[in-house]
Each structure stands twice: as structure tokens, then as C-alpha cells.
>>> print(open('work.cif').read())   # mmCIF, C-alpha atoms
data_my_file
#
loop_
_atom_site.group_PDB
_atom_site.id
_atom_site.type_symbol
_atom_site.label_atom_id
_atom_site.label_comp_id
_atom_site.auth_asym_id
_atom_site.auth_seq_id
_atom_site.Cartn_x
_atom_site.Cartn_y
_atom_site.Cartn_z
ATOM 1 C CA MET A 1 173.131 158.583 49.885
ATOM 2 C CA LYS A 2 172.912 154.845 49.334
ATOM 3 C CA GLU A 3 176.104 153.134 48.216
ATOM 4 C CA ILE A 4 174.369 151.497 45.224
ATOM 5 C CA ILE A 5 172.599 153.633 42.627
ATOM 6 C CA ASP A 6 169.960 152.104 40.392
ATOM 7 C CA LEU A 7 171.564 151.873 36.940
ATOM 8 C CA ARG A 8 168.133 152.069 35.334
ATOM 9 C CA VAL A 9 167.570 155.491 36.913
ATOM 10 C CA LEU A 10 171.066 156.556 35.893
ATOM 11 C CA HIS A 11 170.274 155.503 32.333
ATOM 12 C CA HIS A 12 167.160 157.695 32.384
ATOM 13 C CA PHE A 13 169.282 160.643 33.490
ATOM 14 C CA VAL A 14 171.743 160.096 30.616
ATOM 15 C CA LEU A 15 168.878 159.994 28.108
ATOM 16 C CA ALA A 16 167.493 163.258 29.472
ATOM 17 C CA ALA A 17 170.950 164.844 29.399
ATOM 18 C CA GLU A 18 171.451 163.786 25.793
ATOM 19 C CA GLU A 19 168.041 164.934 24.588
ATOM 20 C CA LEU A 20 167.502 167.954 26.889
ATOM 21 C CA ASN A 21 163.868 167.170 26.231
ATOM 22 C CA PHE A 22 161.978 164.991 28.697
ATOM 23 C CA ALA A 23 159.318 163.900 26.187
ATOM 24 C CA ARG A 24 161.894 162.566 23.709
ATOM 25 C CA ALA A 25 163.994 161.051 26.492
ATOM 26 C CA ALA A 26 160.943 159.313 27.992
ATOM 27 C CA ALA A 27 160.073 157.905 24.588
ATOM 28 C CA ARG A 28 163.584 156.471 24.240
ATOM 29 C CA ALA A 29 163.140 154.864 27.681
ATOM 30 C CA HIS A 30 159.735 153.489 26.623
ATOM 31 C CA LEU A 31 158.048 155.351 29.489
ATOM 32 C CA SER A 32 155.440 158.047 29.772
ATOM 33 C CA GLN A 33 156.643 161.474 30.922
ATOM 34 C CA THR A 34 155.233 161.183 34.464
ATOM 35 C CA PRO A 35 157.176 158.082 35.630
ATOM 36 C CA PHE A 36 160.224 159.273 33.681
ATOM 37 C CA GLY A 37 160.108 162.634 35.512
ATOM 38 C CA ARG A 38 159.786 160.808 38.851
ATOM 39 C CA SER A 39 162.866 158.732 37.995
ATOM 40 C CA ILE A 40 164.932 161.884 37.389
ATOM 41 C CA GLN A 41 163.572 163.453 40.564
ATOM 42 C CA SER A 42 164.476 160.363 42.619
ATOM 43 C CA LEU A 43 168.049 160.558 41.353
ATOM 44 C CA GLU A 44 168.320 164.232 42.270
ATOM 45 C CA GLU A 45 167.032 163.438 45.753
ATOM 46 C CA GLU A 46 169.374 160.495 46.079
ATOM 47 C CA LEU A 47 172.421 162.569 45.074
ATOM 48 C CA GLY A 48 171.302 165.708 46.860
ATOM 49 C CA LEU A 49 171.961 167.667 43.675
ATOM 50 C CA ARG A 50 169.905 169.605 41.198
ATOM 51 C CA LEU A 51 170.782 168.148 37.818
ATOM 52 C CA PHE A 52 168.575 170.162 35.446
ATOM 53 C CA ASP A 53 167.361 173.728 35.198
ATOM 54 C CA ARG A 54 163.858 173.391 33.797
ATOM 55 C CA THR A 55 161.486 176.003 32.455
ATOM 56 C CA THR A 56 158.303 175.654 30.419
ATOM 57 C CA ARG A 57 160.373 176.151 27.274
ATOM 58 C CA SER A 58 163.797 174.596 27.929
ATOM 59 C CA VAL A 59 165.805 172.027 29.858
ATOM 60 C CA ALA A 60 169.495 172.573 30.613
ATOM 61 C CA LEU A 61 172.071 170.691 32.664
ATOM 62 C CA THR A 62 173.314 172.416 35.772
ATOM 63 C CA ALA A 63 177.041 172.625 36.459
ATOM 64 C CA ALA A 64 176.683 169.655 38.811
ATOM 65 C CA GLY A 65 174.535 167.905 36.205
ATOM 66 C CA ARG A 66 177.319 168.171 33.628
ATOM 67 C CA GLN A 67 179.760 166.511 36.018
ATOM 68 C CA VAL A 68 177.294 163.755 36.897
ATOM 69 C CA PHE A 69 176.596 163.260 33.170
ATOM 70 C CA ALA A 70 180.277 162.570 32.453
ATOM 71 C CA HIS A 71 180.573 160.077 35.319
ATOM 72 C CA ALA A 72 177.237 158.431 34.527
ATOM 73 C CA ARG A 73 178.145 157.721 30.902
ATOM 74 C CA THR A 74 181.437 156.157 31.990
ATOM 75 C CA LEU A 75 179.709 154.042 34.642
ATOM 76 C CA LEU A 76 177.031 152.819 32.225
ATOM 77 C CA MET A 77 179.683 152.015 29.613
ATOM 78 C CA HIS A 78 181.557 149.886 32.168
ATOM 79 C CA ALA A 79 178.290 148.248 33.224
ATOM 80 C CA ARG A 80 177.520 147.314 29.614
ATOM 81 C CA GLY A 81 181.032 145.983 29.213
ATOM 82 C CA PHE A 82 180.648 143.963 32.415
ATOM 83 C CA SER A 83 177.366 142.473 31.186
ATOM 84 C CA GLU A 84 178.914 141.523 27.855
ATOM 85 C CA GLU A 85 181.910 139.932 29.548
ATOM 86 C CA MET A 86 179.657 137.974 31.916
ATOM 87 C CA ARG A 87 177.610 136.688 28.983
ATOM 88 C CA ALA A 88 180.824 135.585 27.282
ATOM 89 C CA LEU A 89 182.042 134.107 30.560
ATOM 90 C CA SER A 90 178.894 132.080 31.107
ATOM 91 C CA GLY A 91 179.162 130.813 27.539
ATOM 92 C CA ALA A 92 182.870 129.958 28.060
ATOM 93 C CA GLU A 93 183.822 132.117 25.079
ATOM 94 C CA SER A 94 186.326 134.179 27.064
ATOM 95 C CA GLY A 95 188.072 134.122 30.426
ATOM 96 C CA ALA A 96 190.760 131.687 31.473
ATOM 97 C CA VAL A 97 191.095 128.069 32.512
ATOM 98 C CA ALA A 98 194.048 126.221 34.049
ATOM 99 C CA PHE A 99 194.395 122.445 33.949
ATOM 100 C CA GLY A 100 197.138 119.854 34.183
ATOM 101 C CA ALA A 101 198.305 117.046 31.947
ATOM 102 C CA SER A 102 200.882 114.295 32.066
ATOM 103 C CA GLN A 103 203.215 113.685 29.155
ATOM 104 C CA PHE A 104 201.055 110.676 28.233
ATOM 105 C CA ALA A 105 197.972 112.927 28.089
ATOM 106 C CA VAL A 106 199.824 115.464 25.965
ATOM 107 C CA ASP A 107 200.861 112.720 23.584
ATOM 108 C CA SER A 108 197.623 110.739 23.397
ATOM 109 C CA VAL A 109 194.660 112.819 24.583
ATOM 110 C CA LEU A 110 195.201 116.490 23.771
ATOM 111 C CA PRO A 111 196.316 116.472 20.097
ATOM 112 C CA GLY A 112 193.761 118.352 18.031
ATOM 113 C CA VAL A 113 191.582 119.378 20.976
ATOM 114 C CA LEU A 114 192.991 122.812 21.828
ATOM 115 C CA PRO A 115 193.218 124.138 18.226
ATOM 116 C CA ARG A 116 189.614 123.125 17.576
ATOM 117 C CA LEU A 117 188.473 124.674 20.847
ATOM 118 C CA ARG A 118 190.318 127.907 20.093
ATOM 119 C CA ALA A 119 188.619 128.114 16.709
ATOM 120 C CA GLN A 120 185.260 128.119 18.513
ATOM 121 C CA ALA A 121 186.284 130.313 21.470
ATOM 122 C CA PRO A 122 189.240 132.499 20.371
ATOM 123 C CA GLY A 123 188.959 134.687 23.482
ATOM 124 C CA LEU A 124 189.486 131.777 25.873
ATOM 125 C CA GLN A 125 192.890 131.644 27.600
ATOM 126 C CA VAL A 126 194.100 128.111 28.336
ATOM 127 C CA HIS A 127 196.953 127.428 30.767
ATOM 128 C CA VAL A 128 198.337 123.877 30.713
ATOM 129 C CA HIS A 129 200.614 122.610 33.496
ATOM 130 C CA ILE A 130 202.552 119.588 32.237
ATOM 131 C CA ALA A 131 203.931 117.574 35.122
ATOM 132 C CA GLN A 132 204.071 114.172 36.751
ATOM 133 C CA TRP A 133 201.042 112.620 38.413
ATOM 134 C CA GLU A 134 201.953 113.497 41.993
ATOM 135 C CA ASP A 135 202.566 117.169 41.108
ATOM 136 C CA LEU A 136 199.295 117.386 39.208
ATOM 137 C CA LEU A 137 197.411 115.995 42.191
ATOM 138 C CA ALA A 138 199.065 118.557 44.480
ATOM 139 C CA ASP A 139 198.083 121.360 42.090
ATOM 140 C CA LEU A 140 194.503 120.101 41.998
ATOM 141 C CA ASP A 141 194.260 119.902 45.785
ATOM 142 C CA ALA A 142 195.697 123.423 46.073
ATOM 143 C CA GLU A 143 193.153 124.600 43.443
ATOM 144 C CA ARG A 144 195.879 125.910 41.146
ATOM 145 C CA ILE A 145 194.206 123.858 38.408
ATOM 146 C CA GLU A 146 190.574 122.786 37.988
ATOM 147 C CA PHE A 147 191.250 119.295 36.661
ATOM 148 C CA PHE A 148 194.026 117.180 35.228
ATOM 149 C CA ILE A 149 194.429 114.390 32.688
ATOM 150 C CA ALA A 150 196.771 111.571 33.648
ATOM 151 C CA PHE A 151 196.988 108.034 34.966
ATOM 152 C CA PRO A 152 194.409 107.959 37.788
ATOM 153 C CA GLY A 153 196.462 105.838 40.157
ATOM 154 C CA GLY A 154 194.802 105.086 43.480
ATOM 155 C CA LEU A 155 192.222 107.847 42.982
ATOM 156 C CA THR A 156 189.820 105.307 41.471
ATOM 157 C CA LYS A 157 189.089 104.088 45.021
ATOM 158 C CA ARG A 158 188.553 107.534 46.563
ATOM 159 C CA SER A 159 185.204 109.278 46.824
ATOM 160 C CA ASP A 160 186.683 112.785 47.089
ATOM 161 C CA TYR A 161 187.686 112.743 43.417
ATOM 162 C CA ARG A 162 185.559 112.386 40.304
ATOM 163 C CA LEU A 163 187.043 110.517 37.340
ATOM 164 C CA ALA A 164 186.069 110.158 33.711
ATOM 165 C CA ASP A 165 187.956 107.353 31.979
ATOM 166 C CA LEU A 166 189.662 108.102 28.680
ATOM 167 C CA PRO A 167 190.745 105.532 26.063
ATOM 168 C CA SER A 168 193.754 103.489 27.165
ATOM 169 C CA GLN A 169 196.711 102.609 24.959
ATOM 170 C CA PRO A 170 198.993 99.599 24.657
ATOM 171 C CA ALA A 171 202.292 99.751 26.518
ATOM 172 C CA SER A 172 205.334 97.517 26.504
ATOM 173 C CA PHE A 173 209.099 97.181 27.065
ATOM 174 C CA PHE A 174 211.407 98.667 24.424
ATOM 175 C CA CYS A 175 215.144 98.746 23.749
ATOM 176 C CA ARG A 176 217.549 99.743 21.000
ATOM 177 C CA ALA A 177 218.023 97.281 18.138
ATOM 178 C CA ALA A 178 221.598 96.427 19.190
ATOM 179 C CA HIS A 179 220.686 95.680 22.805
ATOM 180 C CA PRO A 180 222.457 92.613 24.321
ATOM 181 C CA LEU A 181 219.080 91.069 25.183
ATOM 182 C CA LEU A 182 218.501 90.491 21.478
ATOM 183 C CA ALA A 183 221.830 88.750 20.856
ATOM 184 C CA ALA A 184 220.834 85.299 22.107
ATOM 185 C CA GLY A 185 217.965 84.462 19.787
ATOM 186 C CA GLY A 186 215.767 87.354 20.730
ATOM 187 C CA THR A 187 213.765 85.574 23.463
ATOM 188 C CA PRO A 188 214.898 87.146 26.747
ATOM 189 C CA SER A 189 213.452 85.943 30.020
ATOM 190 C CA ARG A 190 211.724 88.183 32.523
ATOM 191 C CA GLU A 191 214.769 87.809 34.765
ATOM 192 C CA ASP A 192 217.030 88.966 31.914
ATOM 193 C CA THR A 193 215.179 92.290 31.622
ATOM 194 C CA LEU A 194 215.625 92.939 35.349
ATOM 195 C CA ARG A 195 219.423 92.908 34.918
ATOM 196 C CA TYR A 196 219.339 96.153 32.914
ATOM 197 C CA PRO A 197 218.340 99.699 33.923
ATOM 198 C CA TRP A 198 214.789 100.777 33.137
ATOM 199 C CA GLY A 199 213.502 104.158 32.111
ATOM 200 C CA ALA A 200 209.950 105.485 32.064
ATOM 201 C CA LEU A 201 207.810 108.542 31.421
ATOM 202 C CA ASP A 202 205.847 109.872 34.400
ATOM 203 C CA ILE A 203 205.545 106.432 35.959
ATOM 204 C CA SER A 204 203.594 106.290 39.235
ATOM 205 C CA ASN A 205 203.975 103.962 42.199
ATOM 206 C CA THR A 206 200.686 102.294 41.289
ATOM 207 C CA THR A 207 201.957 101.548 37.778
ATOM 208 C CA ILE A 208 205.202 100.191 39.189
ATOM 209 C CA GLU A 209 203.202 97.780 41.338
ATOM 210 C CA THR A 210 201.172 96.679 38.304
ATOM 211 C CA ILE A 211 204.342 96.045 36.285
ATOM 212 C CA ALA A 212 205.859 94.065 39.152
ATOM 213 C CA VAL A 213 202.799 91.804 39.227
ATOM 214 C CA ALA A 214 202.954 91.454 35.424
ATOM 215 C CA MET A 215 206.544 90.284 35.798
ATOM 216 C CA GLY A 216 205.476 87.646 38.317
ATOM 217 C CA LEU A 217 206.897 89.557 41.278
ATOM 218 C CA SER A 218 205.327 90.851 44.464
ATOM 219 C CA PRO A 219 203.757 94.360 44.209
ATOM 220 C CA ASP A 220 206.442 95.824 46.481
ATOM 221 C CA ALA A 221 209.354 94.321 44.536
ATOM 222 C CA ALA A 222 212.164 96.721 43.651
ATOM 223 C CA LEU A 223 212.289 97.318 39.918
ATOM 224 C CA PRO A 224 215.467 98.660 38.251
ATOM 225 C CA ILE A 225 213.950 102.046 37.298
ATOM 226 C CA GLN A 226 216.866 104.468 37.042
ATOM 227 C CA LEU A 227 215.215 107.176 34.949
ATOM 228 C CA ASN A 228 211.714 108.567 35.468
ATOM 229 C CA CYS A 229 211.161 111.776 33.549
ATOM 230 C CA ALA A 230 208.598 113.829 31.643
ATOM 231 C CA SER A 231 210.655 114.077 28.449
ATOM 232 C CA LYS A 232 210.325 111.601 25.594
ATOM 233 C CA GLU A 233 213.531 112.983 24.070
ATOM 234 C CA LEU A 234 215.570 112.271 27.222
ATOM 235 C CA LEU A 235 214.220 108.754 27.511
ATOM 236 C CA TYR A 236 214.876 107.973 23.861
ATOM 237 C CA GLU A 237 218.404 109.354 24.129
ATOM 238 C CA ALA A 238 219.042 107.129 27.148
ATOM 239 C CA MET A 239 217.788 104.088 25.220
ATOM 240 C CA LEU A 240 220.176 104.728 22.339
ATOM 241 C CA ALA A 241 223.176 105.685 24.463
ATOM 242 C CA ASN A 242 223.220 102.612 26.711
ATOM 243 C CA ASP A 243 221.373 99.419 27.518
ATOM 244 C CA MET A 244 218.367 101.079 29.139
ATOM 245 C CA ILE A 245 214.957 99.446 28.650
ATOM 246 C CA ALA A 246 212.036 101.837 28.258
ATOM 247 C CA VAL A 247 208.729 100.954 29.902
ATOM 248 C CA THR A 248 206.238 103.187 28.122
ATOM 249 C CA TRP A 249 203.221 103.416 25.850
ATOM 250 C CA THR A 250 203.706 102.228 22.281
ATOM 251 C CA SER A 251 202.314 104.993 20.080
ATOM 252 C CA TRP A 252 205.068 107.577 20.504
ATOM 253 C CA LEU A 253 207.688 105.025 19.357
ATOM 254 C CA ALA A 254 205.704 103.877 16.297
ATOM 255 C CA ASP A 255 208.017 105.512 13.734
ATOM 256 C CA ARG A 256 211.153 104.204 15.445
ATOM 257 C CA LEU A 257 209.673 100.718 15.680
ATOM 258 C CA ALA A 258 208.859 100.844 11.969
ATOM 259 C CA SER A 259 212.406 101.936 11.105
ATOM 260 C CA GLY A 260 213.943 99.156 13.183
ATOM 261 C CA ALA A 261 215.808 101.522 15.502
ATOM 262 C CA VAL A 262 213.761 100.277 18.463
ATOM 263 C CA VAL A 263 212.459 96.794 19.260
ATOM 264 C CA ASP A 264 209.370 95.873 21.283
ATOM 265 C CA ILE A 265 210.784 93.220 23.597
ATOM 266 C CA GLY A 266 207.534 93.014 25.540
ATOM 267 C CA GLN A 267 206.335 90.678 22.798
ATOM 268 C CA LEU A 268 209.487 88.562 23.033
ATOM 269 C CA VAL A 269 209.883 88.058 26.785
ATOM 270 C CA ARG A 270 209.219 84.567 28.067
ATOM 271 C CA PRO A 271 207.150 83.630 29.969
ATOM 272 C CA ALA A 272 204.876 86.017 28.075
ATOM 273 C CA ILE A 273 203.608 89.080 29.914
ATOM 274 C CA PRO A 274 199.776 89.364 29.820
ATOM 275 C CA LYS A 275 198.843 92.121 27.401
ATOM 276 C CA SER A 276 195.963 93.092 29.687
ATOM 277 C CA LEU A 277 198.543 94.271 32.217
ATOM 278 C CA LEU A 278 200.583 96.248 29.695
ATOM 279 C CA ILE A 279 198.098 99.082 29.267
ATOM 280 C CA ALA A 280 198.631 102.828 29.690
ATOM 281 C CA ARG A 281 195.481 104.156 31.336
ATOM 282 C CA CYS A 282 194.311 107.745 31.523
ATOM 283 C CA ALA A 283 191.446 109.637 33.140
ATOM 284 C CA LEU A 284 190.148 113.167 33.529
ATOM 285 C CA VAL A 285 190.325 113.911 37.259
ATOM 286 C CA GLN A 286 188.599 116.648 39.246
ATOM 287 C CA ARG A 287 187.695 117.193 42.881
ATOM 288 C CA ALA A 288 184.321 115.814 43.889
ATOM 289 C CA GLY A 289 181.920 118.456 45.128
ATOM 290 C CA ARG A 290 183.666 121.265 43.215
ATOM 291 C CA THR A 291 181.819 123.169 40.504
ATOM 292 C CA LEU A 292 183.933 123.661 37.407
ATOM 293 C CA SER A 293 184.038 127.081 35.791
ATOM 294 C CA PRO A 294 182.167 127.331 32.468
ATOM 295 C CA GLN A 295 185.556 127.433 30.736
ATOM 296 C CA ALA A 296 186.787 124.256 32.453
ATOM 297 C CA ARG A 297 183.479 122.518 31.802
ATOM 298 C CA ARG A 298 183.633 123.388 28.111
ATOM 299 C CA LEU A 299 187.217 122.151 27.874
ATOM 300 C CA CYS A 300 186.383 118.891 29.670
ATOM 301 C CA GLU A 301 183.481 118.277 27.312
ATOM 302 C CA ALA A 302 185.720 119.016 24.333
ATOM 303 C CA ILE A 303 188.310 116.502 25.537
ATOM 304 C CA LEU A 304 185.752 113.786 26.213
ATOM 305 C CA ALA A 305 183.964 114.414 22.913
ATOM 306 C CA ALA A 306 187.192 114.368 20.897
ATOM 307 C CA ARG A 307 188.375 111.125 22.454
ATOM 308 C CA ALA A 308 184.981 109.572 21.774
ATOM 309 C CA GLY A 309 185.137 110.696 18.134
ATOM 310 C CA ARG A 310 182.339 113.235 18.427
ATOM 311 C CA HIS A 311 182.250 116.896 17.361
ATOM 312 C CA LEU A 312 183.153 119.482 19.969
ATOM 313 C CA PRO A 313 180.150 121.033 21.743
ATOM 314 C CA SER A 314 179.399 124.643 20.821
ATOM 315 C CA ALA A 315 178.766 125.567 24.445
ATOM 316 C CA PRO A 316 178.978 123.871 27.836
ATOM 317 C CA CYS A 317 176.012 121.775 28.878
#
>>> encode(input="work.cif", output="C-alpha cells")
Amino acid sequence: MKEIIDLRVLHHFVLAAEELNFARAAARAHLSQTPFGRSIQSLEEELGLRLFDRTTRSVALTAAGRQVFAHARTLLMHARGFSEEMRALSGAESGAVAFGASQFAVDSVLPGVLPRLRAQAPGLQVHVHIAQWEDLLADLDAERIEFFIAFPGGLTKRSDYRLADLPSQPASFFCRAAHPLLAAGGTPSREDTLRYPWGALDISNTTIETIAVAMGLSPDAALPIQLNCASKELLYEAMLANDMIAVTWTSWLADRLASGAVVDIGQLVRPAIPKSLLIARCALVQRAGRTLSPQARRLCEAILAARAGRHLPSAPC
């Protein structure tokens, strides 16, 4: 017996077993009686079993036929379920997707995307790994995630990764309102800021080099970064508790800036720091030459569409 049985033939057998009348069963299969009878005969030969006792007046399942009938219905039910799941899978309406995001991406890129996507595909399971850039890259290379959203770093110059730029956001230097830097007229020098500890959220070596150049230093200059974490709460607590200066994007501190609890000293430092260098950049990163799953493709399109102000696509392109 072959290892694979034709499900179409098995379906014909189930119809005959349900009807116990070959004419009615053939009609349900949209076949004439002759090819339908050959289909049943081929299954009996394939299994090496007699499945029906047939006379000119009646058709009855044999004892073996009753056992095959039970198994066949279960197999066809699973096959139908498999087909339905594959259709949902290809349409990205179910299944699972794993991707990574930095704290900056969580704060600036993802808001609103996942709830809207879930409303369109409630059966889709989304796993988000929130980590720093280096960890996200390691997860991508190990194929634990299909893509990540974060500062692209040096990946912009590499052909083995594919990047889609996302909108950038202003960044700056921030401190608490009672910081000593603000005591002498509120115009600290670049050198003054270097005398205090710095804190940052998910800052990469590439960003550190950019900030060093913005400060008029060499790219490999040592900056006083004493806290680099993935928690906005920890960084804000450190700012309030001591004289730490936060180097971060502006939007998450908007309410505290408005209340006066925090001051943007990036606008006060002299000589002025070019605003073009104080930018938090973000990109959607995936491995070049890798085909995304339908779920990952749909999620990527949703992220890109949302950031561009478009409606989410109903299905992956």
C-alpha cells in the first residue's frame, strides 16, 4: 500500500458509506456511477480490503469498511481543518509572528499599530522582544525574530540587511530644573555638560560617535555615559535624584518639559549644537535574502502604513 492515499478517493468512500447508495453518492460527488464505482474499487485494491457488501438491491459496509469509515471521516476533517488554517495563514489572519523593538520604537513607532492590526486579524499572535540594539541584531541573526525596529546603526552600509527608514524624531540634552548647569545664567558650555554624568535609553556606539562629533569632539572621544538602559522610568528617576543629564529623544519628556520639571539644555548650550545632529533615527530592519512570513509581512506593512499616515492594509501584498 502506498504511504499517501488520495483524499479525493477517500472522500468518495465516505459519501458512499453515508448514502449506502452509489447513485446518490456519485451525484453528491458530481460524477457518473461508472467512474465513482472505479474510485471505490481503487481504494479497496489500495487498502487490500473489501469495504462494501453489494447486491443488486442493497449496499452495506463490511466490518472492515466500518472501521475505515471512522478513520476516513477523522482524516478528512483534519484535512479540511488544515486547508482552512493554511488559507488563514497565507492571508496572515492567524499564526504567529515574532519581532523586536527598541524602547524608542515602542515609544514612537508602535503606538496604535498593534491594536488596529488585532482588530483586523484577531487570530494573529504577536510576540514582541523589547531590547537594546545589539541584542535585537543578535536575535535577528539567530532567526529568533523576523525583523526589528530600532536605530539602524552601521547596518545602513551593509548589503546583508534590508532597511526601511521610519520617521525620525528630535533629540536633545535634558536635566532637572534645579540642575547646577542652570544656575549661572542658563547658558552652559559644551565643556560644562561633560563634567556631569550622562544617561541614555538604548544608546548605540554609532550614536555615541555622532554625539561626540556634535559636541566638537573626535568620534572615539570618551563621553561620560554612566547609565544606558531600556527603561524611561529609571532614566527619569536618575535625572531627578542627581545631576545626571539625559541624552534622549524629546517626545517622551513633553509633559515634564511643559510642567517645568525638566529643561531642554540642548537649546541652551553654547556653542550651539547643530539640530541636524540631534536626531533620533529609526528603521525597520530585516535580513536581506530572507522571505518574511505572511504574518511578518502584514505587520511590516501595517507599521510602515501607520507611520506614513495611511490606513492599514487588509492583507499582505
>>> residues_around(input="work.cif", residues="Ser172 (chain A)", least_positions_apart="6", cutoff="10 Å", atoms="only C-alpha atoms", output="JSON, numbers by chain")
{"A": [211, 246, 247, 248, 249, 250, 264, 265, 266, 267, 273, 275, 277, 278, 279, 280]}
>>> resolve_selection(input="work.cif", expression="the PyMOL selection byres ((chain A and resi 281-295) around 7)", output="JSON, numbers by chain")
{"A": [90, 91, 92, 96, 97, 146, 147, 148, 149, 150, 151, 152, 160, 161, 162, 163, 164, 165, 166, 167, 168, 169, 279, 280, 296, 297, 298, 299, 316]}
>>> resolve_selection(input="work.cif", expression="the PyMOL selection byres ((chain A and resi 125) around 8)", output="number ranges by chain")
A: 94-97, 123-124, 126-127
>>> resolve_selection(input="work.cif", expression="the PyMOL selection byres ((chain A and resi 36) around 9)", output="PyMOL selection string")
chain A and resi 9+12+22-23+25-26+29+31-35+37-41
>>> closest_residue(input="work.cif", among="A:Gly216, A:Met239, A:Leu114, A:Asp6", to="Ser189 (chain A)", atoms="all atoms listed in the file")
A:Gly216
>>> atom_distance(input="work.cif", atom1="CA of Lys232 (chain A)", atom2="CA of Leu201 (chain A)")
7.0 Å
>>> closest_residue(input="work.cif", among="A:Ser108, A:Asn242, A:Thr210, A:Gln120", to="Ala302 (chain A)", atoms="only C-alpha atoms")
A:Gln120
>>> closest_residue(input="work.cif", among="A:Glu134, A:Asp53, A:Glu45, A:Asp255", to="Thr206 (chain A)", atoms="all atoms listed in the file")
A:Glu134
>>> atom_distance(input="work.cif", atom1="CA of Gln103 (chain A)", atom2="CA of Ile208 (chain A)")
16.9 Å
>>> atom_distance(input="work.cif", atom1="CA of Leu47 (chain A)", atom2="CA of Val59 (chain A)")
19.1 Å
>>> closest_residue(input="work.cif", among="A:Leu155, A:Leu181, A:Leu75, A:Ala222", to="Leu137 (chain A)", atoms="all atoms listed in the file")
A:Leu155
>>> closest_residue(input="work.cif", among="A:Arg24, A:Ser159, A:Thr55, A:Gly100", to="Ala138 (chain A)", atoms="all atoms listed in the file")
A:Gly100
>>> closest_residue(input="work.cif", among="A:Ala131, A:Ala72, A:Ala171, A:Ala27", to="Ser251 (chain A)", atoms="all atoms listed in the file")
A:Ala171
>>> residues_around(input="work.cif", residues="Arg73 (chain A)", least_positions_apart="6", cutoff="10 Å", atoms="only C-alpha atoms", output="number ranges by chain")
A: 10-11, 13-15, 79
>>> write_last_selection(input="work.cif", atoms="C-alpha atoms", output="PDB file, in the coordinates of the input")
ATOM      1  CA  LEU A  10     171.066 156.556  35.893  1.00  0.00           C
ATOM      2  CA  HIS A  11     170.274 155.503  32.333  1.00  0.00           C
ATOM      3  CA  PHE A  13     169.282 160.643  33.490  1.00  0.00           C
ATOM      4  CA  VAL A  14     171.743 160.096  30.616  1.00  0.00           C
ATOM      5  CA  LEU A  15     168.878 159.994  28.108  1.00  0.00           C
ATOM      6  CA  ALA A  79     178.290 148.248  33.224  1.00  0.00           C
TER       7      ALA A  79
END
>>> residues_around(input="work.cif", residues="Leu234 (chain A)", least_positions_apart="3", cutoff="12 Å", atoms="all atoms listed in the file", output="list in words")
Gly199, Ala200, Leu201, Leu227, Asn228, Cys229, Ala230, Ser231, Glu237, Ala238, Met239, Leu240, Ala241, Met244 and Ala246 of chain A
>>> write_last_selection(input="work.cif", atoms="C-alpha atoms", output="short mmCIF file (atom, residue, chain, number, x, y, z; two decimals), in the frame of the given file")
data_model
loop_
_atom_site.label_atom_id
_atom_site.label_comp_id
_atom_site.auth_asym_id
_atom_site.auth_seq_id
_atom_site.Cartn_x
_atom_site.Cartn_y
_atom_site.Cartn_z
CA GLY A 199 213.50 104.16 32.11
CA ALA A 200 209.95 105.48 32.06
CA LEU A 201 207.81 108.54 31.42
CA LEU A 227 215.22 107.18 34.95
CA ASN A 228 211.71 108.57 35.47
CA CYS A 229 211.16 111.78 33.55
CA ALA A 230 208.60 113.83 31.64
CA SER A 231 210.66 114.08 28.45
CA GLU A 237 218.40 109.35 24.13
CA ALA A 238 219.04 107.13 27.15
CA MET A 239 217.79 104.09 25.22
CA LEU A 240 220.18 104.73 22.34
CA ALA A 241 223.18 105.68 24.46
CA MET A 244 218.37 101.08 29.14
CA ALA A 246 212.04 101.84 28.26
#
>>> residues_around(input="work.cif", residues="Leu61 (chain A)", least_positions_apart="6", cutoff="10 Å", atoms="all atoms listed in the file", output="CSV table (one decimal) with C-alpha atoms, keeping the file's coordinate frame")
chain,number,residue,atom,x,y,z
A,16,ALA,CA,167.5,163.3,29.5
A,17,ALA,CA,171.0,164.8,29.4
A,18,GLU,CA,171.5,163.8,25.8
A,20,LEU,CA,167.5,168.0,26.9
A,50,ARG,CA,169.9,169.6,41.2
A,51,LEU,CA,170.8,168.1,37.8
A,52,PHE,CA,168.6,170.2,35.4
A,53,ASP,CA,167.4,173.7,35.2
A,54,ARG,CA,163.9,173.4,33.8
A,67,GLN,CA,179.8,166.5,36.0
A,68,VAL,CA,177.3,163.8,36.9
A,69,PHE,CA,176.6,163.3,33.2
